[in-house]
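What follows is one structure encoded as structure tokens, with my remarks underneath.
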Amino acid sequence: MAENKDHSIDSIMARVGLSKNRDWYASKLDGIGPNAGRLQNERFDLAVSYLETHCVKKDALGNTIVDREEVRQQLNSIDFHKPVTLHKVKPGEELVQRSFRGNSQSESDKSPKVPSSSNLSKNEEENVEYGEYFSKSGVPTQRLGITERNETRRCTVKEDMVVLQSHTRGTTDVWSANRSVRMPEKQTLAGTGIVDRDLDEGRDTRFLRRTNDARNTRSVYSESVSVASSDTSEKGKTKTLDHRSGEYVTGGGIQYHIPKRKDCPNLDRHQNLIPSQSQKRCSIKR
């Protein structure tokens, strides 16, 4: 796919409904499905068009292509029962940006370091990664689909910019670094193996709060199939369930999507935001 350099509202609207990846996204999401109504599908198509404009990467040949996984992650945070619109932010407007703690084995450490903050020590600042979700000041954490958060940073917009405005959906928070979690069983009664992704991904899990209280934590499973490298037949496939758990968060707050251009920092629209103030909170990873 050739890169879309025109980020105007008209250009984004002209591509609505034309994504070749639409069915793939829909098959991976909890917030949209075969029984979704016309309005939900229209909102979904608009979000896909916007995100595919900005979520891109380089393939093995150096071509610019859509980063489907990045688009999927952004779509998964949206409640399509509520309005999804293109919103123009203007110079001087203030947005609040949230952060999470990075670690040496995470993808976030591969991103450029953020500007220095007067509220953080040098060592702390090197381990802070600011995310791609923004809001207005004063939106409660639970309304943003997270249980806890680390630093927040106020940013002032320098130039006109079109962003995707959506509402966060109620969901089980399986990304916050300090959340309560439940350990899964080793396998189901049918013999399907379970992989706890909190441990499997190599993240620092020292601050996860282990509990067996089903009232406070919920489990999320997604099915995957692994194939032995020496055997591509059906017999060589092993079904597993990827397990994550966490607290339920209500969502409902308005968020703004401003994806980073990890493939080309010079085109990253975060350069249009002037950080003005940081404030400590708790720890999240989204």
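FYI, nothing fancy with the structure tokens labels: chains A, B, ... in order, residues from 1 per chain, ligands from 1 as they appear.
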| said: Can you tell me which residues surround Asp79 in chain A at a distance of at most 10 Å, considering only C-alpha atoms, apart from same-chain residues fewer than 3 positions away, and format the answer as a ChimeraX atom specification? | reply: /A:30-32,40,43-44,75-76,82-84,166-171,251-253
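Backbone DSSP assigns helix (DSSP H, G or I) in range 14-68 of chain A to A:Ala14, A:Arg22, A:Asp23, A:Trp24, A:Tyr25, A:Ala26, A:Ser27, A:Lys28, A:Arg38, A:Leu39, A:Gln40, A:Asn41, A:Glu42, A:Arg43, A:Phe44, A:Asp45, A:Leu46, A:Ala47, A:Val48, A:Ser49, A:Tyr50, A:Leu51, A:Glu52, A:Thr53, A:His54, A:Arg68.
Distances to Tyr133 in chain A were evaluated for A:Ala214, A:Ile258, A:Leu95, A:Ala190 using only C-alpha atoms, and the minimum falls at A:Ile258.
Straight-line separation from CA of Arg68 in chain A to CA of Lys158 in chain A: 29.0 Å.
The environment of Thr188 in chain A within 12 Å, counting only C-alpha atoms and disregarding residues fewer than 3 places along the same chain, consists of Pro184, Glu185, Gly191, Thr192, Gly193, Ile194, Val195, Tyr221, Lys239, Thr240, Leu241, Asp242 and His243 of chain A.
The gap separating CA of Ser222 in chain A from CA of Pro259 in chain A is 25.2 Å, in Å to one decimal.
Comparing the minimum interatomic distances between Asp67 in chain A and each of A:Val162, A:Glu94, A:Asn21, A:Arg182, counting only C-alpha atoms, we find that A:Asn21 sits nearest.
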| In Å, how far is it from CA of Glu69 in chain A to CA of Gly131 in chain A? | 15.7 Å
| Could you name the residues that touch Tyr248 in chain A at 8 Å or less, counting only C-alpha atoms, but leaving out those on the same chain fewer than 3 positions away, as a list in words? | Gly170, Thr171, Thr172, Asp173, Asn216, Thr217 and Arg218 of chain A
| field | Within 7 Å of Leu273 in chain A using only C-alpha atoms, minus same-chain residues under 2 positions, as an MDAnalysis selection string | value | chainID A and resid 155:158 270:271 275
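In this comparison, which uses only C-alpha atoms, the residue of A:Val66, A:Leu199, A:Met161, A:Ala36 approaching Val89 in chain A most closely is A:Met161.
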| message | Using only C-alpha atoms, which protein or nucleic acid residues come within 9 Å of Val56 in chain A? Drop anything in the same chain fewer than 5 positions from it, and give the result as a PyMOL selection string. | response | chain A and resi 3+51+64-68+70-71+261-263
Now that the selection is made, can you save its residues with C-alpha atoms as a PDB file, in the first residue's frame?
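For reference, result39.pdb as written:
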ATOM      1  CA  GLU A   3       1.636   5.844   1.928  1.00  0.00           C
ATOM      2  CA  LEU A  51      -5.791   4.861  11.733  1.00  0.00           C
ATOM      3  CA  THR A  64       5.631   1.720   3.648  1.00  0.00           C
ATOM      4  CA  ILE A  65       2.684  -0.482   4.617  1.00  0.00           C
ATOM      5  CA  VAL A  66      -0.175  -0.365   7.116  1.00  0.00           C
ATOM      6  CA  ASP A  67       0.769  -1.599  10.596  1.00  0.00           C
ATOM      7  CA  ARG A  68      -2.267  -3.838  11.060  1.00  0.00           C
ATOM      8  CA  GLU A  70      -1.092  -1.156  15.685  1.00  0.00           C
ATOM      9  CA  VAL A  71      -4.431  -0.342  14.031  1.00  0.00           C
ATOM     10  CA  ARG A 261       5.344   7.438  13.395  1.00  0.00           C
ATOM     11  CA  LYS A 262       7.886   4.942  14.672  1.00  0.00           C
ATOM     12  CA  ASP A 263       9.054   4.259  11.110  1.00  0.00           C
TER      13      ASP A 263
END
| Spatial neighbours of Glu132 in chain A, 9 Å, only C-alpha atoms, chain gap at least 4 places, as a ChimeraX atom specification | /A:74,97-99,256-260,270
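Among the candidate residues A:Cys264, A:Ile254, A:Val16, A:Leu61, the one lying nearest to Asp45 in chain A is A:Val16, with distances computed using only C-alpha atoms.
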